[in-house]
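A.B. asks: Sharing a structure below in structure tokens format, with a few things to ask.
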Amino acid sequence: MTTQMQTLHPSISSRLGWQRVCALKSLEVERGRAALVGSAQIALFLLADGTIRATCNRDPYCDAYVLSRGIVGSRGDVPTLSSPMHKQVFDLRTGTCLDTRGKEPARLRTWQARAVDGQVQLLWGSAS
Amino acid sequence: MSARRIVVAGAGMVAHRFAESLLARAGSDLHLTVLGEEGRHPYDRVGLSRYFDGGDPEAMTLKRSVLEDPRVHFAPADAVAGIDRAGQQVHTRSGARIDYDHLVLATGSSATRPPLDGADLPGAFVYRTLEDVRRLRDQIERAPDGRPPRAYVIGGGLLGLEAAGALQKLGAEATVAQSGDRLMSAQLDLPAGQALRRLIEQRDLAVRTGTHTARLTAGEDGSVAGIEFADGTAEPADLVVFTIGVRPRDELARAADLPCAARGGVEIDASCRTADPAISAIGEVASFAGRCVGLVAPGYAMAEVVADGLLEGEATFSGYDLSTQLKLSGVEVASFGDAFATTEGALDVVYADPVAGVHKKLVLSDDAGTLLGGMLVGDTSAYGSLRPLIGRSLGTDPAAYLLPEGGIAASGGELPDEAIVCSCAGVSAGRIRQAVHEDGCEDAAGVTACTRAGATCGSCVGTLARTVDAELVGMGRAVSTGLCEHFDLSRRQLYDAVLVSELTTFSAIIERFGSGRGCNTCKPVLASILATLAPAHVLDGENATLQDTNDHVMANMQKDGTYSVVPRMPGGEVTPEGLIVVGEIARDFALYTKLTGGQRIDLFGARLEELPMIWQRLVDAGFESGQAYGKSLRTVKSCVGKAWCRYGVLDSTAMAVRLELRYRGLRAPHKLKLGVSGCARECAEARSKDAGIIATAQGWNLYVGGNGGATPRHAQLFAEGLDDEALVRTIDRFFLYYIRTADVLQRTAPWLAALDGGIDGLREVVLEDSLGLCADLDAAMERHVAGYEDEWAATLADPEKLRRFHSFVNAPATGDPSLAYTLERGQPRPASSEERRSGKVLIAGTRLEVRR
């Protein structure tokens with residue numbers, strides 16, 4: 001009764017690859033930048049320790065594409081972003097909302113990002 | 001403990017909880033083997049819908065450290081294939097054979113597919129695992145272009161509604177088809193179910209009840225294209241999700257001849273043992289008193305019982321707590337205890353308001369003295385207070401819990417120690433108090449970390465926080481005045497620390513006086529303090545990362561992420577030529593134009609990358625933009641005064657211009673507004689301002705500490721009959737003393753109310769220099785005035801700063817493609833989501849060619 005779940009759609013898979021977005025020097029520590037990848041709006045953040053984080057630029061609480069303009073900070077060891085619109089606070093690593101300001105839980109899409117040879121790259125998927 | 005080698009069949013939430021509980025209390029002489037099937041670390045299945053559109057399974061993963069314990073062997077993809085009870089050994093799919101002293105069955109259940117034609121077509125799904133959700137998401141992303149995919153959810157229970165909400169969030173048109181007469185029939189009676197249906201339909205989710213699905217039909221590509229119902233109707237469908245129930249995964253137990261219930265599930269006793277004392281069963285696979293229940297909280301309770309039993313404890317499972325809560329945005333439902341009033345003689349108290357979309361019912365004992373259960377639809381704010389009271393007296397009129405204003409506050413007294421606050425983790429009010437008293441927990445988050453209360457479904461978080469706060473207050477604990485987790489200092493202490501240390505960068509200050517990387521509280525506070533003590537451009541270096549929403553780009557953010565620009569017009573004066581230029585800018589950039597309450601012209605809808613072009617046009621015409629935003633001087637409002645008015649006593653406009661040019665750009669704990677009236681008629685409404693100036697025949701009267709807003713306050717008379725110079729010097733000192741000593745986001749009115757000695761104390765400091773501060777305050781204002789620069793012109797002159805106004809780092813001049821506008825009364829405004837859906841969007845995106 002459960003095996004059918006495992007065998008449906010064996011053909012569906014995603015192709016993932018590192019996609020160049022911009023030069024590393026275009027980013028500033030703790031001041032986000034928006035990027036367009038395909039038709040997606042991404043928010044990129046360079047943290048003080050050199051890590052790069054990437055989330056969607058859309059704030060799920062207001063539907064505006066503003067998150068790259070939020071304040072980067074920390075909660076304990078967690079790197080955080082607070083939305084410039086209504087100050088919800090998100091975990092930059094996972095997109096989880098840490099402070100919903102009384103709203104329903106919501107979360108941000110996140111992507112893996114890295115810097116290679118002075119270039120910022122995103123792990124980007126496309127349906128095969 | 002006697003059982004050393006423990007094997008757990010299954011690696012879901014309940015298995016994880018069992019492992020966590022056992023490991024926390026067992027010694028080193030333990031070997032725990034956890035055998036999973038999904039090939040993943042245990043994850044939060046309850047949160048599946050929440051993560052539907054997120055796509056990052058990592059965030060759902062349960063605490064990894066549990067299974068990384070050296071006493072644990074975890075095989076995530078090597079499920080148990082058979083049990084040899086006589087030999088006390090399991091064998092796995094890979095062929096491994098593992099001996100056990102005790103075996104725990106935690107294999108859970110599987111989602112059921114109905115035996116319909118087409119139920120196994122591509123495009124037909126169940127909703128149980130991360131894998132299921134990933135496939136579903138892929139399917140939606142491949143839906144035909146140009147229209148939202150049509151999704152049918154078969155089954156109108158808790159899971160079905162969550163799945164429908166998640167599908168809608170991903171852009172599908174979702175319909176819930178329920179065979180029964182109402183939604184959530186296991187939790188709600190007919191009136192409550194109907195109230196829920198109305199709420200669901202208001203969210204644009206379609207609902208069909210009394211609907212039996214007959215078959216799914218395939219399209220040309222072999223996947224689902226349509227759905228046919230038993231009444232003969234048929235609808236097109238791109239995907240179908242079955243949420244009709246779960247079936248216990250008891251096949252291992254059956255093969256091992258363990259007694260199972262007729263409707264499925266391994267039979268267990270109150271200690272959660274099966275018929276074989278060396279085998280326990282927990283969670284959805286276990287059948288207690290003839291029932292299996294698909295909720296996590298009873299599974300957790302069973303996990304604790306088995307862990308306790310293995311450690312020679314005597315805990316028992318007391319039966320299922322069927323309390324559930326639906327969390328779907330805009331739709332609140334909770335059901336708890338004996339919701340259907342099955343107890344002999346039970347009484348109902350019902351409150352229904354169909355207009356407000358609220359239906360609430362409490363079930364009470366026959367003497368109306370004891371709460372037995374209830375249903376809440378549309379407003380579940382009382383759920384957290386009510387659930388711990390099951391089996392107890394409400395202590396007040398039940399209506400207090402049901403009426404709109406009653407809500408949470410109805411809990412007249414404190415919860416008794418034995419009342420369960422968090423039923424997911426089984427934590428009582430007494431345990432929470434103990435965590436505060438004996439375990440040293442400082443706040444609700446600490447108690448959650450210590451006891452797990454509030455960590456699973458979150459419905460008790462409010463009650464938890466109130467219990468913790470009450471206990472802290474009861475212990476006489478002082479409330480921290482620290483700014484935030486990064487600074488133990490108050491704003492005033494931090495100001496003094498920065499003043500004395502002469503540090504000028506955020507990194508240096510937080511390293512010396514704080515910890516971490518700051519937050520949206522302390523960063524703007526430090527930006528403001530540094531603006532006074534070490535004046536520099538708001539976008540200079542590290543300062544740029546401290547600025548809050550509006551100072552971040554020196555304009556006022558609007559709801560769609562565009563900005564408004566308010567050209568500075570000191571005192572509200574503008575020449576006809578200036579007015580024409582402002583009009584031309586508004587026209588060329590298609591900006592919605594409105595006059596403000598502070599006598600300025602507000603231009604709305606400027607995109608990030610347009611701001612520098614707009615500022616350039618203003619600078620070219622002799623304007624600057626203005627700080628009509630942020631925590632700084634806004635505007636100085638004035639009447640026309642003696643120059644024109646036949647009643648005017650002094651030149652209020654000239655004084656307003658002088659004050660605005662003096663204080664422009666002054667950053668403060670909150671916004672600052674001034675007003676200057678030319679006579680006692682007070683046309684400038686100066687007494688509603690932080691500093692209000694009213695002309696008299698004897699000179700200027702100064703009023704301080706007024707504001708409009710949510711709590712309007714009239715300014716109080718501070719000094720009378722001042723000449724121009726004395727007036728300016730007094731305001732200088734008043735402002736800087738406020739800036740230096742106020743709390744975070746404290747306006748002048750509450751600051752003055754809390755100030756030692758009130759307005760008399762302020763007079764002593766500002767007029768009599770009782771603290772010897774005046775020379776410092778005067779010097780700080782001189783520094784501000786001398787250091788003032790047009791921040792917008794300075795930005796235009798600095799290519800590094802200008803780069804921050806590129807819309808996209810890799811497409812600097814491409815406007816935000818999500819923006820859409822419609823015309824109203826001849827001007828643009830952001831289109832509503834309905835207008836976007838209907839395509840009634842008149843102006844989309846770019847208006848002007850953007851050039852650099």
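Here, A, B, ... name the chains of the structure tokens in the order displayed, residue numbers run from 1 inside each chain, and ligands are numbered from 1 in the same displayed order.
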Show me, as CSV, the residues of chain B having an atom within 6 Å of chain A, each with the closest atom pair and its distance in Å, using only C-alpha atoms.
C.D. replies:
```
residue,atom,partner,partner_atom,distance
B:Gly54,CA,A:Arg109,CA,4.8
B:Ala59,CA,A:Thr94,CA,5.6
B:Arg517,CA,A:Gly73,CA,4.9
B:Gly518,CA,A:Gly73,CA,4.8
B:Cys519,CA,A:Gly73,CA,4.6
B:Asn520,CA,A:Ile71,CA,5.9
B:Thr545,CA,A:Arg31,CA,5.3
B:Thr549,CA,A:Pro84,CA,4.8
B:Asp560,CA,A:Ala64,CA,5.0
B:Gly561,CA,A:Ala64,CA,5.6
B:Phe808,CA,A:Ala35,CA,4.6
B:Val809,CA,A:Ala35,CA,5.2
B:Asn810,CA,A:Ala35,CA,5.8
```
A.B. asks: List every residue of stretch 24-121 of chain A that DSSP, applied to the backbone of this structure, places in strand (DSSP E), and write the result as a CSV table (one decimal) with N, CA, C and O atoms, in the first residue's frame.
C.D. replies:
```csv
chain,number,residue,atom,x,y,z
A,33,ARG,N,22.1,42.9,-1.3
A,33,ARG,CA,21.8,43.4,-2.7
A,33,ARG,C,20.8,42.4,-3.3
A,33,ARG,O,20.8,41.2,-3.1
A,34,ALA,N,19.9,43.0,-4.2
A,34,ALA,CA,19.0,42.2,-4.9
A,34,ALA,C,19.7,41.7,-6.2
A,34,ALA,O,20.6,42.4,-6.7
A,35,ALA,N,19.3,40.5,-6.7
A,35,ALA,CA,19.8,40.1,-8.0
A,35,ALA,C,18.7,39.4,-8.7
A,35,ALA,O,17.7,38.9,-8.1
A,36,LEU,N,18.8,39.5,-10.1
A,36,LEU,CA,17.8,38.8,-10.9
A,36,LEU,C,18.4,37.5,-11.4
A,36,LEU,O,19.5,37.6,-12.1
A,37,VAL,N,17.8,36.4,-11.1
A,37,VAL,CA,18.3,35.1,-11.7
A,37,VAL,C,17.2,34.5,-12.5
A,37,VAL,O,16.2,34.1,-11.9
A,40,ALA,N,13.6,35.2,-11.3
A,40,ALA,CA,13.5,35.2,-9.9
A,40,ALA,C,14.3,36.3,-9.2
A,40,ALA,O,15.4,36.7,-9.7
A,41,GLN,N,13.7,37.0,-8.2
A,41,GLN,CA,14.4,38.0,-7.5
A,41,GLN,C,15.0,37.4,-6.3
A,41,GLN,O,14.3,36.9,-5.4
A,42,ILE,N,16.4,37.5,-6.2
A,42,ILE,CA,17.1,36.9,-5.1
A,42,ILE,C,17.7,38.0,-4.2
A,42,ILE,O,18.1,39.1,-4.7
A,43,ALA,N,17.8,37.8,-2.9
A,43,ALA,CA,18.5,38.8,-2.0
A,43,ALA,C,19.8,38.1,-1.6
A,43,ALA,O,19.8,37.0,-1.1
A,44,LEU,N,20.9,38.8,-1.8
A,44,LEU,CA,22.2,38.3,-1.5
A,44,LEU,C,22.8,39.0,-0.3
A,44,LEU,O,22.7,40.2,-0.2
A,45,PHE,N,23.4,38.3,0.6
A,45,PHE,CA,24.0,38.9,1.8
A,45,PHE,C,25.4,38.3,2.1
A,45,PHE,O,25.6,37.1,2.1
A,46,LEU,N,26.3,39.3,2.2
A,46,LEU,CA,27.7,38.9,2.6
A,46,LEU,C,27.8,39.1,4.1
A,46,LEU,O,27.6,40.3,4.5
A,52,ILE,N,28.3,33.8,2.3
A,52,ILE,CA,27.3,34.4,1.5
A,52,ILE,C,26.0,33.7,1.7
A,52,ILE,O,25.9,32.5,1.7
A,53,ARG,N,24.9,34.4,1.9
A,53,ARG,CA,23.6,33.8,2.1
A,53,ARG,C,22.7,34.4,1.0
A,53,ARG,O,22.8,35.5,0.6
A,54,ALA,N,21.8,33.5,0.5
A,54,ALA,CA,20.8,33.9,-0.5
A,54,ALA,C,19.4,33.5,-0.2
A,54,ALA,O,19.2,32.3,0.2
A,55,THR,N,18.5,34.4,-0.2
A,55,THR,CA,17.1,34.1,0.1
A,55,THR,C,16.3,34.8,-1.1
A,55,THR,O,16.8,35.5,-1.9
A,56,CYS,N,15.0,34.5,-1.1
A,56,CYS,CA,14.1,35.2,-2.0
A,56,CYS,C,14.1,36.6,-1.6
A,56,CYS,O,14.3,37.0,-0.4
A,71,ILE,N,17.8,44.8,7.6
A,71,ILE,CA,19.0,44.9,8.5
A,71,ILE,C,19.5,43.4,8.8
A,71,ILE,O,18.8,42.6,9.2
A,72,VAL,N,20.8,43.2,8.5
A,72,VAL,CA,21.4,42.0,8.8
A,72,VAL,C,22.0,42.0,10.3
A,72,VAL,O,22.5,43.0,10.7
A,73,GLY,N,21.8,40.9,11.0
A,73,GLY,CA,22.2,40.9,12.4
A,73,GLY,C,22.4,39.4,12.8
A,73,GLY,O,22.7,38.6,12.0
A,74,SER,N,22.2,39.2,14.1
A,74,SER,CA,22.4,37.9,14.7
A,74,SER,C,21.4,37.7,15.8
A,74,SER,O,21.0,38.6,16.5
A,75,ARG,N,21.1,36.4,16.0
A,75,ARG,CA,20.4,36.0,17.2
A,75,ARG,C,21.2,34.8,17.8
A,75,ARG,O,21.2,33.7,17.1
A,78,VAL,N,22.8,32.5,15.2
A,78,VAL,CA,22.1,32.5,14.0
A,78,VAL,C,22.2,33.8,13.2
A,78,VAL,O,21.9,34.9,13.8
A,79,PRO,N,22.7,33.8,12.0
A,79,PRO,CA,22.7,35.1,11.2
A,79,PRO,C,21.2,35.4,10.8
A,79,PRO,O,20.5,34.5,10.4
A,80,THR,N,20.8,36.7,11.0
A,80,THR,CA,19.4,37.0,10.8
A,80,THR,C,19.3,38.2,9.8
A,80,THR,O,20.2,38.9,9.6
A,81,LEU,N,18.0,38.3,9.4
A,81,LEU,CA,17.7,39.4,8.5
A,81,LEU,C,16.3,39.9,9.0
A,81,LEU,O,15.4,39.1,9.3
A,82,SER,N,16.2,41.2,9.2
A,82,SER,CA,14.9,41.7,9.6
A,82,SER,C,14.3,42.5,8.4
A,82,SER,O,15.0,43.3,7.7
A,89,VAL,N,11.7,38.8,11.6
A,89,VAL,CA,13.1,38.4,11.6
A,89,VAL,C,13.2,37.0,11.0
A,89,VAL,O,12.5,36.1,11.5
A,90,PHE,N,14.2,36.8,10.1
A,90,PHE,CA,14.3,35.5,9.5
A,90,PHE,C,15.7,35.0,9.8
A,90,PHE,O,16.7,35.7,9.8
A,91,ASP,N,15.8,33.6,9.9
A,91,ASP,CA,17.1,32.9,9.9
A,91,ASP,C,17.7,32.9,8.5
A,91,ASP,O,17.1,32.3,7.6
A,97,CYS,N,11.2,31.9,9.8
A,97,CYS,CA,10.9,33.2,10.5
A,97,CYS,C,11.0,33.0,12.0
A,97,CYS,O,10.3,32.2,12.6
A,98,LEU,N,11.9,33.8,12.6
A,98,LEU,CA,12.2,33.7,14.0
A,98,LEU,C,11.3,34.6,14.8
A,98,LEU,O,11.1,34.4,16.0
A,99,ASP,N,10.8,35.6,14.2
A,99,ASP,CA,9.9,36.6,14.9
A,99,ASP,C,8.8,37.0,13.9
A,99,ASP,O,9.1,37.8,13.0
A,110,THR,N,15.5,29.7,0.3
A,110,THR,CA,16.9,30.0,0.4
A,110,THR,C,17.6,29.2,-0.6
A,110,THR,O,17.1,28.1,-1.1
A,111,TRP,N,18.8,29.7,-1.0
A,111,TRP,CA,19.6,28.9,-2.0
A,111,TRP,C,21.0,28.9,-1.4
A,111,TRP,O,21.4,29.7,-0.6
A,113,ALA,N,24.8,29.5,-1.6
A,113,ALA,CA,25.6,30.5,-2.4
A,113,ALA,C,27.1,30.3,-1.9
A,113,ALA,O,27.4,29.9,-0.8
A,114,ARG,N,28.0,30.7,-2.8
A,114,ARG,CA,29.4,30.6,-2.5
A,114,ARG,C,30.2,31.6,-3.4
A,114,ARG,O,29.7,32.1,-4.4
A,115,ALA,N,31.4,31.9,-3.0
A,115,ALA,CA,32.3,32.7,-3.8
A,115,ALA,C,33.4,31.9,-4.3
A,115,ALA,O,34.1,31.1,-3.6
A,116,VAL,N,33.6,31.9,-5.7
A,116,VAL,CA,34.7,31.2,-6.3
A,116,VAL,C,35.4,32.1,-7.3
A,116,VAL,O,34.7,32.7,-8.1
A,119,GLN,N,33.9,35.4,-7.8
A,119,GLN,CA,32.5,35.5,-8.4
A,119,GLN,C,31.5,34.9,-7.3
A,119,GLN,O,31.9,33.9,-6.7
A,120,VAL,N,30.3,35.5,-7.2
A,120,VAL,CA,29.3,34.9,-6.4
A,120,VAL,C,28.5,33.9,-7.2
A,120,VAL,O,28.1,34.2,-8.3
A,121,GLN,N,28.3,32.7,-6.7
A,121,GLN,CA,27.6,31.7,-7.4
A,121,GLN,C,26.4,31.2,-6.6
A,121,GLN,O,26.5,31.1,-5.4
```
A.B. asks: At what distance in Å, to one decimal, does atom CA of B:Ala106 lie from atom CA of B:Val80?
C.D. replies: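 The value is 10.8 Å.
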A.B. asks: Between atom CA of B:Ala820 and atom CA of B:Val841, measure the distance and give it in Å to one decimal.
C.D. replies: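 One can read the atom CA of B:Ala820 to atom CA of B:Val841 distance as 6.4 Å.
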A.B. asks: So which one's closest to B:Gln194, B:Arg491, B:Arg85, B:Arg254, B:Arg182? Using only C-alpha atoms, please.
C.D. replies: B:Arg182
A.B. asks: As a list in words, please: every residue in chain A that a backbone DSSP assignment puts in alpha helix (DSSP H).
C.D. replies: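 Those in chain A that DSSP calls alpha helix (DSSP H) are Thr3, Gln4, Met5, Gln6 and Thr7 of chain A.
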A.B. asks: Would you save the residues from that selection as a short mmCIF file (atom, residue, chain, number, x, y, z; two decimals), in the first residue's frame, using C-alpha atoms?
C.D. replies:
```cif
data_model
loop_
_atom_site.label_atom_id
_atom_site.label_comp_id
_atom_site.auth_asym_id
_atom_site.auth_seq_id
_atom_site.Cartn_x
_atom_site.Cartn_y
_atom_site.Cartn_z
CA THR A 3 5.25 1.12 -2.46
CA GLN A 4 3.33 3.04 -5.10
CA MET A 5 4.54 6.27 -3.53
CA GLN A 6 8.11 5.36 -4.16
CA THR A 7 7.70 4.34 -7.78
#
```
A.B. asks: Identify, on the basis of only C-alpha atoms, every residue whose closest approach to stretch 500-507 of chain B does not exceed 12 Å; exclude the query and any residue fewer than 2 positions from it along the same chain; express the result as a PyMOL selection string.
C.D. replies: (chain A and resi 29-30+48+73) or (chain B and resi 486+493-498+509-519+522-536+540-547)
A.B. asks: Tell me which protein, DNA and RNA residues are within 12 Å of B:Asp769, counting only C-alpha atoms, leaving out same-chain ones fewer than 5 positions away, and put them as a ChimeraX atom specification.
C.D. replies: /B:730,733-734,737,761-764,774-778
A.B. asks: So that I can see what lies close to B:Gly319, please list as an MDAnalysis selection string the residues with an atom at most 12 Å from it, counting only C-alpha atoms and leaving out residues fewer than 5 positions away in the same chain.
C.D. replies: chainID B and resid 268:272 286:293 297:299 301:302 305 337
